[in-house]
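*Asks:* Just one file: model23.cif, with mmCIF, C-alpha atoms.
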data_run
#
loop_
_atom_site.label_atom_id
_atom_site.label_comp_id
_atom_site.auth_asym_id
_atom_site.auth_seq_id
_atom_site.Cartn_x
_atom_site.Cartn_y
_atom_site.Cartn_z
CA MET A 1 0.00 0.00 0.00
CA GLY A 2 2.91 2.32 -0.74
CA GLY A 3 4.04 3.06 2.81
CA ILE A 4 0.69 4.36 4.03
CA THR A 5 0.04 3.82 7.74
CA TRP A 6 -3.45 2.40 8.07
CA PRO A 7 -6.00 2.59 10.92
CA PHE A 8 -5.14 1.20 14.34
CA LEU A 9 -8.75 -0.05 14.71
CA LYS A 10 -10.83 -2.58 12.83
CA TRP A 11 -14.32 -1.37 12.01
CA ALA A 12 -17.49 -2.74 10.48
CA CYS A 13 -17.62 -1.49 6.86
CA GLY A 14 -14.26 0.20 7.44
CA LYS A 15 -12.80 1.99 4.43
CA ARG A 16 -9.20 0.82 4.37
CA ARG A 17 -9.68 -1.08 1.10
CA LEU A 18 -11.69 1.76 -0.48
CA ALA A 19 -9.64 4.71 0.75
CA ARG A 20 -7.86 5.30 -2.53
CA HIS A 21 -11.08 5.05 -4.50
CA LEU A 22 -12.83 7.50 -2.17
CA ALA A 23 -9.86 9.86 -2.25
CA ALA A 24 -10.09 10.01 -6.05
CA LEU A 25 -13.57 11.53 -5.61
CA CYS A 26 -12.25 14.25 -3.30
CA PRO A 27 -10.97 17.60 -4.59
CA ASP A 28 -7.25 18.31 -4.40
CA ARG A 29 -7.91 21.40 -2.28
CA PHE A 30 -10.65 22.13 0.21
CA GLU A 31 -11.29 24.47 3.12
CA ARG A 32 -11.71 21.78 5.79
CA TYR A 33 -12.28 18.05 6.05
CA ILE A 34 -15.31 17.06 8.14
CA GLU A 35 -16.13 13.46 9.14
CA PRO A 36 -19.01 13.03 11.62
CA PHE A 37 -19.09 9.18 11.61
CA LEU A 38 -15.42 8.65 12.38
CA GLY A 39 -15.09 4.89 12.91
CA SER A 40 -11.60 3.76 11.94
CA GLY A 41 -10.89 7.07 10.16
CA ALA A 42 -9.39 5.31 7.13
CA LEU A 43 -10.17 8.02 4.57
CA PHE A 44 -8.98 10.81 6.86
CA LEU A 45 -5.71 9.01 7.59
CA TYR A 46 -5.16 8.31 3.90
CA LEU A 47 -5.79 11.92 2.86
CA ALA A 48 -3.61 13.19 5.72
CA GLN A 49 -0.68 11.18 4.33
CA THR A 50 -1.22 11.94 0.64
CA ARG A 51 -2.35 15.61 0.59
CA GLN A 52 -1.02 18.88 1.89
CA PRO A 53 -1.96 19.45 5.58
CA PHE A 54 -5.56 20.56 6.05
CA PRO A 55 -7.86 21.46 8.96
CA ALA A 56 -10.20 18.67 10.01
CA LEU A 57 -13.23 18.33 12.27
CA LEU A 58 -13.48 14.70 13.38
CA SER A 59 -16.40 13.54 15.49
CA ASP A 60 -18.51 10.57 16.49
CA SER A 61 -21.43 9.86 18.79
CA ASN A 62 -19.56 6.92 20.38
CA ALA A 63 -17.97 8.28 23.57
CA GLU A 64 -15.55 5.36 23.93
CA LEU A 65 -14.31 5.79 20.37
CA VAL A 66 -13.77 9.53 20.83
CA ASN A 67 -11.83 8.81 24.02
CA VAL A 68 -9.58 6.41 22.08
CA TYR A 69 -8.73 9.06 19.49
CA ARG A 70 -8.02 11.66 22.14
CA CYS A 71 -5.72 9.28 24.00
CA VAL A 72 -3.88 8.42 20.78
CA ARG A 73 -3.42 12.15 20.21
CA ASP A 74 -2.50 13.18 23.76
CA SER A 75 -1.04 10.13 25.54
CA VAL A 76 0.14 7.67 22.91
CA ASN A 77 3.13 6.31 24.86
CA GLU A 78 1.07 5.59 27.98
CA LEU A 79 -1.62 3.99 25.81
CA ALA A 80 0.95 1.77 24.09
CA GLN A 81 2.27 0.62 27.48
CA ALA A 82 -1.25 -0.31 28.61
CA LEU A 83 -1.81 -2.26 25.38
CA GLU A 84 1.50 -4.09 25.75
CA GLU A 85 0.35 -5.23 29.23
CA HIS A 86 -2.93 -6.47 27.76
CA GLU A 87 -0.93 -8.29 25.10
CA ARG A 88 1.23 -10.07 27.68
CA ARG A 89 -1.75 -11.17 29.76
CA TYR A 90 -3.75 -12.23 26.72
CA TYR A 91 -0.97 -14.42 25.36
CA ARG A 92 -0.86 -16.26 28.71
CA ASN A 93 -4.62 -16.89 28.85
CA PRO A 94 -6.46 -15.63 25.74
CA GLU A 95 -10.07 -16.50 26.47
CA GLY A 96 -9.82 -15.90 30.21
CA HIS A 97 -8.29 -12.46 29.82
CA TYR A 98 -10.71 -11.51 27.05
CA TYR A 99 -13.85 -12.24 29.06
CA ARG A 100 -12.42 -10.72 32.24
CA VAL A 101 -11.77 -7.46 30.37
CA ARG A 102 -15.09 -7.58 28.51
CA ASP A 103 -17.34 -8.44 31.45
CA ASP A 104 -15.57 -7.39 34.66
CA CYS A 105 -13.27 -4.51 33.69
CA ARG A 106 -14.85 -1.05 33.83
CA PRO A 107 -11.88 1.33 34.16
CA GLN A 108 -12.48 4.99 34.95
CA ASP A 109 -9.04 6.15 33.85
CA ARG A 110 -9.24 7.45 30.29
CA ILE A 111 -6.08 5.67 29.11
CA GLU A 112 -7.20 2.34 30.57
CA ARG A 113 -10.62 2.86 28.95
CA ALA A 114 -8.97 3.47 25.59
CA ALA A 115 -6.70 0.45 26.00
CA ARG A 116 -9.72 -1.70 26.87
CA MET A 117 -11.55 -0.67 23.72
CA ILE A 118 -8.56 -1.27 21.44
CA PHE A 119 -7.84 -4.61 23.14
CA LEU A 120 -11.42 -5.80 22.66
CA ASN A 121 -11.39 -4.55 19.09
CA LYS A 122 -8.27 -6.59 18.33
CA THR A 123 -9.43 -9.80 20.01
CA CYS A 124 -13.21 -9.96 19.67
CA TYR A 125 -15.03 -11.88 16.96
CA ASN A 126 -14.06 -10.36 13.59
CA GLY A 127 -13.31 -6.97 15.16
CA LEU A 128 -17.02 -6.21 15.43
CA TYR A 129 -18.09 -3.30 17.63
CA ARG A 130 -21.54 -3.93 19.08
CA VAL A 131 -23.28 -2.87 22.27
CA ASN A 132 -26.63 -3.90 23.70
CA ARG A 133 -29.42 -1.55 24.76
CA ALA A 134 -27.71 -1.04 28.11
CA GLY A 135 -24.58 0.11 26.28
CA ARG A 136 -22.52 -2.98 27.22
CA PHE A 137 -20.09 -4.47 24.71
CA ASN A 138 -21.33 -8.01 24.02
CA VAL A 139 -19.24 -9.51 21.20
CA PRO A 140 -17.76 -13.01 21.87
CA HIS A 141 -14.08 -13.87 21.79
CA GLY A 142 -12.50 -14.21 18.35
CA THR A 143 -10.42 -17.07 16.96
CA TYR A 144 -6.96 -15.56 16.64
CA VAL A 145 -3.43 -16.87 17.14
CA ARG A 146 -1.31 -14.26 18.94
CA PRO A 147 -2.93 -11.15 17.40
CA ALA A 148 -0.91 -7.93 17.41
CA ILE A 149 -2.75 -5.98 20.10
CA CYS A 150 -0.28 -3.10 20.27
CA ASN A 151 0.63 -1.77 16.81
CA LYS A 152 2.89 0.98 18.08
CA GLU A 153 3.91 2.18 14.62
CA ALA A 154 0.29 2.79 13.60
CA LEU A 155 -0.48 4.46 16.92
CA MET A 156 2.52 6.80 16.68
CA SER A 157 1.74 7.74 13.08
CA ALA A 158 -1.91 8.44 13.93
CA SER A 159 -0.82 10.50 16.95
CA GLU A 160 1.40 12.67 14.78
CA ILE A 161 -1.45 13.28 12.32
CA LEU A 162 -4.02 14.01 15.04
CA ASN A 163 -1.65 16.56 16.59
CA ARG A 164 -1.42 18.65 13.44
CA ASP A 165 -2.65 22.22 13.53
CA GLY A 166 -6.34 22.53 12.85
CA VAL A 167 -7.33 18.93 13.63
CA SER A 168 -10.03 18.66 16.30
CA ILE A 169 -11.78 15.64 17.83
CA ARG A 170 -15.09 15.83 19.62
CA ARG A 171 -18.07 13.78 20.64
CA ALA A 172 -21.19 14.88 18.76
CA ASP A 173 -24.11 13.49 16.83
CA TYR A 174 -23.73 13.96 13.10
CA SER A 175 -26.32 16.73 12.75
CA SER A 176 -24.49 18.85 15.31
CA ALA A 177 -21.14 18.13 13.69
CA ILE A 178 -22.18 19.19 10.20
CA SER A 179 -24.03 22.29 11.38
CA ALA A 180 -20.65 24.05 11.26
CA CYS A 181 -20.03 23.25 7.57
CA ARG A 182 -19.15 26.10 5.23
CA PRO A 183 -18.81 26.48 1.45
CA GLY A 184 -15.64 24.79 0.24
CA ASP A 185 -15.61 22.07 2.95
CA LEU A 186 -15.16 18.40 2.10
CA VAL A 187 -17.62 16.25 4.06
CA TYR A 188 -17.39 12.45 4.24
CA LEU A 189 -20.49 10.67 5.57
CA ASP A 190 -20.13 7.01 6.55
CA PRO A 191 -23.21 6.28 8.68
CA PRO A 192 -24.29 2.91 10.07
CA TYR A 193 -25.49 1.20 6.90
CA LEU A 194 -29.14 0.60 6.11
CA PRO A 195 -29.65 -3.20 6.28
CA ILE A 196 -30.48 -4.75 2.93
CA THR A 197 -32.53 -7.50 4.57
CA LYS A 198 -34.33 -7.82 7.89
CA THR A 199 -31.57 -10.11 9.21
CA ALA A 200 -28.59 -8.15 7.84
CA SER A 201 -28.15 -5.72 10.72
CA PHE A 202 -25.19 -7.09 12.66
CA THR A 203 -24.50 -4.26 15.04
CA ASP A 204 -25.75 -1.41 17.10
CA TYR A 205 -22.93 1.07 16.95
CA THR A 206 -24.18 2.81 20.06
CA SER A 207 -27.12 1.99 22.32
CA GLU A 208 -29.31 4.12 20.00
CA SER A 209 -30.05 2.58 16.59
CA PHE A 210 -29.73 4.41 13.28
CA GLY A 211 -32.92 3.55 11.39
CA TYR A 212 -34.45 4.34 8.01
CA ASP A 213 -35.91 7.65 9.21
CA ASP A 214 -32.39 8.68 10.20
CA HIS A 215 -31.19 7.85 6.69
CA VAL A 216 -33.98 9.98 5.24
CA ALA A 217 -32.89 12.89 7.44
CA LEU A 218 -29.26 12.33 6.45
CA ALA A 219 -30.18 12.47 2.75
CA LYS A 220 -31.81 15.86 3.35
CA GLU A 221 -28.60 17.03 5.02
CA PHE A 222 -26.62 15.76 2.02
CA GLN A 223 -28.77 17.96 -0.22
CA ARG A 224 -28.40 20.93 2.14
CA LEU A 225 -24.62 20.59 2.20
CA SER A 226 -24.55 20.36 -1.58
CA ASP A 227 -26.66 23.50 -1.89
CA LEU A 228 -24.31 25.20 0.59
CA GLY A 229 -21.30 24.53 -1.64
CA CYS A 230 -19.64 21.61 0.16
CA THR A 231 -18.23 18.61 -1.66
CA VAL A 232 -19.97 15.61 -0.09
CA VAL A 233 -19.08 11.92 -0.35
CA LEU A 234 -21.26 9.26 1.27
CA SER A 235 -20.98 5.49 1.69
CA ASN A 236 -23.92 3.18 2.32
CA SER A 237 -25.36 -0.23 1.55
CA ASN A 238 -26.29 -1.22 -1.98
CA SER A 239 -29.98 -0.77 -1.26
CA VAL A 240 -32.82 0.28 -3.53
CA ARG A 241 -34.08 2.59 -0.81
CA ILE A 242 -30.69 4.31 -0.51
CA ARG A 243 -30.52 4.73 -4.29
CA ARG A 244 -33.92 6.43 -4.24
CA LEU A 245 -32.86 8.81 -1.47
CA TYR A 246 -29.92 10.07 -3.56
CA GLU A 247 -31.49 10.29 -7.01
CA GLY A 248 -29.94 13.16 -8.91
CA PHE A 249 -26.46 12.65 -7.48
CA ALA A 250 -23.64 10.49 -8.84
CA ILE A 251 -23.98 6.94 -7.46
CA GLN A 252 -21.29 4.29 -7.89
CA THR A 253 -21.43 0.60 -6.98
CA VAL A 254 -18.12 -0.64 -5.59
CA GLY A 255 -17.04 -4.16 -4.70
CA VAL A 256 -16.00 -4.78 -1.11
CA SER A 257 -14.96 -7.56 1.24
CA ARG A 258 -16.92 -8.04 4.45
CA SER A 259 -14.49 -9.27 7.11
CA ILE A 260 -17.21 -9.34 9.78
CA ASN A 261 -19.57 -11.76 8.03
CA CYS A 262 -19.94 -14.90 10.13
CA ASN A 263 -20.05 -16.95 6.90
CA ALA A 264 -16.57 -16.81 5.37
CA SER A 265 -17.95 -17.64 1.91
CA ARG A 266 -19.96 -14.40 1.98
CA ARG A 267 -17.05 -12.08 2.83
CA THR A 268 -16.26 -11.50 -0.84
CA GLY A 269 -18.43 -10.59 -3.80
CA GLN A 270 -20.28 -7.91 -1.81
CA SER A 271 -20.96 -4.36 -2.94
CA GLU A 272 -21.91 -1.01 -1.50
CA LEU A 273 -22.74 2.44 -2.80
CA VAL A 274 -20.67 5.60 -2.96
CA VAL A 275 -22.64 8.81 -3.55
CA THR A 276 -21.07 12.16 -4.40
CA ASN A 277 -22.12 15.63 -5.49
CA ALA A 278 -18.69 16.50 -6.92
CA GLN A 279 -20.11 16.97 -10.43
CA VAL A 280 -22.81 19.28 -9.06
CA ILE A 281 -20.22 21.41 -7.29
CA ARG A 282 -18.09 21.55 -10.42
CA ARG A 283 -21.05 22.78 -12.49
CA GLN A 284 -21.80 25.42 -9.85
CA LEU A 285 -18.21 26.64 -9.89
CA LEU A 286 -18.08 26.81 -13.68
CA SER A 287 -21.38 28.67 -13.88
CA GLY A 288 -20.38 31.06 -11.11
CA ARG A 289 -23.55 30.34 -9.15
CA GLN A 290 -21.73 29.43 -5.96
CA ALA A 291 -19.74 32.13 -4.16
CA LEU A 292 -16.91 30.02 -2.75
CA PRO A 293 -13.75 31.27 -1.02
CA ALA A 294 -10.69 31.88 -3.19
CA SER A 295 -9.04 28.77 -1.75
CA ALA A 296 -12.07 26.54 -2.39
CA PRO A 297 -11.53 23.31 -4.34
CA ARG A 298 -11.35 23.30 -8.11
CA THR A 299 -12.46 19.86 -9.17
CA SER A 300 -11.39 18.46 -12.48
#
In structure tokens, write the structure found in this file.
*Replies:*
Amino acid sequence: MGGITWPFLKWACGKRRLARHLAALCPDRFERYIEPFLGSGALFLYLAQTRQPFPALLSDSNAELVNVYRCVRDSVNELAQALEEHERRYYRNPEGHYYRVRDDCRPQDRIERAARMIFLNKTCYNGLYRVNRAGRFNVPHGTYVRPAICNKEALMSASEILNRDGVSIRRADYSSAISACRPGDLVYLDPPYLPITKTASFTDYTSESFGYDDHVALAKEFQRLSDLGCTVVLSNSNSVRIRRLYEGFAIQTVGVSRSINCNASRRTGQSELVVTNAQVIRRQLLSGRQALPASAPRTS
């Protein structure tokens, strides 16, 4: 992958494999990068290593995830030490240590909380993040042989990027996060996907579900951001209902691998949708209808 440092977290529908494709849809220059469903942050990390430095507003509604990113930014050495201790204990007794941490460990210290989340992410079944209605992580132990729990190189690289000028991390729901968008911003939306079938929903990302009505509201925000003069890129499931919500915008079908599918034979040959308004923004710029800042993106 050409020396790119990739995310330190696994994530359902994570964008590591699609980062280059998504980046090709992004303008070379933009005012700010805004990502309100942060997850593993694959696209942000890729752009941060392949473009000139840019301001970024990174946010998520998952408090534990936001704490992880802040600890990677502010206390990466202490976090790495805590993960190395988890690694030593796990190698001695994998299943015992996993369930002790999952069920009995509720640390209050922010670094220990972050280490717990990364540890569970690296050792749970297929790296799936799922909580029940009470907000308790409930994924079973995975089937790994000595997994690398502490990837110090990835953590240090992410810490350097997150410490750049203009990069902020906060806990917020997506509507609050994108309320600050301005003309010329690049916005990447990667919400919890709309299930294609009634049995396809494998996770609740937080204790509050993201249902079809939420996707309808998000599509309206996509239109609003486009009208505002933002370049918007969105990922979602290859669903007829999603296609209908984004009629009038450019929709691509991309092949993906699903590492979290419990049936290994179904991890390949899957597809999802990528929606963008880049062509709309380009037409607005060429026609002079959109009054964008002088440093706003010029798409080609």
*Asks:* Mind checking which residues fall within 8 Å of A:Thr123, counting all atoms listed in the file, ignoring those fewer than 3 positions away in the same chain, and posting them as a PDB file with C-alpha atoms, in the coordinates of the input?
*Replies:*
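Below you can see out06.pdb, which holds the result:
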ATOM      1  CA  TYR A  98     -10.710 -11.510  27.050  1.00  0.00           C
ATOM      2  CA  PHE A 119      -7.840  -4.610  23.140  1.00  0.00           C
ATOM      3  CA  LEU A 120     -11.420  -5.800  22.660  1.00  0.00           C
ATOM      4  CA  ASN A 126     -14.060 -10.360  13.590  1.00  0.00           C
ATOM      5  CA  GLY A 127     -13.310  -6.970  15.160  1.00  0.00           C
ATOM      6  CA  HIS A 141     -14.080 -13.870  21.790  1.00  0.00           C
ATOM      7  CA  GLY A 142     -12.500 -14.210  18.350  1.00  0.00           C
ATOM      8  CA  THR A 143     -10.420 -17.070  16.960  1.00  0.00           C
ATOM      9  CA  TYR A 144      -6.960 -15.560  16.640  1.00  0.00           C
ATOM     10  CA  PRO A 147      -2.930 -11.150  17.400  1.00  0.00           C
ATOM     11  CA  ILE A 149      -2.750  -5.980  20.100  1.00  0.00           C
TER      12      ILE A 149
END
*Asks:* Between atom CA of A:Met117 and atom CA of A:Gly41, what is the distance in Å, rounded to a tenth?
*Replies:*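 Between atom CA of A:Met117 and atom CA of A:Gly41 the gap is 15.6 Å.
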*Asks:* When the PyMOL selection byres ((chain A and resi 240-245) around 10) is applied to the file above, which residues end up in the set, as a list in words?
*Replies:* Tyr193, Leu194, Ile196, Tyr212, His215, Val216, Ala217, Leu218, Ala219, Lys220, Phe222, Asn236, Ser237, Asn238, Ser239, Tyr246, Glu247, Gly248, Phe249, Ile251, Gln252, Leu273, Val274 and Val275 of chain A
*Asks:* List the residues sitting within 12 Å of (0.3, 0.3, 30.2) in the file's frame, using only C-alpha atoms, as an NGL selection string.
*Replies:* :A and (75-89 or 109-116 or 119 or 150)
*Asks:* So which residues get picked by the PyMOL selection byres ((chain A and resi 191) around 8) here, written as an MDAnalysis selection string?
*Replies:* chainID A and resid 37 189:190 192:193 235:236
*Asks:* Which distance in Å separates atom CA of A:Gly229 and atom CA of A:Cys26, to one decimal?
*Replies:*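 Pair atom CA of A:Gly229 / atom CA of A:Cys26 returns 13.8 Å.
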*Asks:* Can you work out which one of A:Ile178, A:Ala148, A:Leu155, A:Leu65 has the shortest atom-to-atom distance to A:Trp6, counting all atoms listed in the file?
*Replies:*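 Using all atoms listed in the file, A:Trp6 sits closest to A:Leu155.
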*Asks:* Given the file above and the PyMOL selection byres ((chain A and resi 159) around 9), which residues are selected, and can you give them as a list in words?
*Replies:*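 Checked against the file, the PyMOL selection byres ((chain A and resi 159) around 9) matches Tyr69, Arg70, Cys71, Val72, Arg73, Asp74, Ser75, Val76, Ala154, Leu155, Met156, Ser157, Ala158, Glu160, Ile161, Leu162, Asn163 and Arg164 of chain A.
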*Asks:* Between atom CA of A:Ile281 and atom CA of A:Asp60, what is the distance, to one decimal in Å?
*Replies:*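 Atom-to-atom, atom CA of A:Ile281 to atom CA of A:Asp60, that is 26.2 Å.
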*Asks:* Kindly compute an axis-aligned box around the listed atoms of stretch 102-118 of chain A, allowing 3 Å on each side, and express its centre and edge lengths in Å to one decimal as AutoDock Vina command-line options.
*Replies:*
--center_x -11.7 --center_y -0.5 --center_z 28.2 --size_x 17.3 --size_y 21.9 --size_z 19.5
*Asks:* As a list of chain:residue names, please: the residues near A:Asn277 (cut-off 8 Å, all atoms listed in the file, same-chain neighbours under 6 positions excluded).
*Replies:*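 The residues that qualify are A:Ser226, A:Thr231, A:Val232, A:Val233, A:Phe249, A:Ala250.
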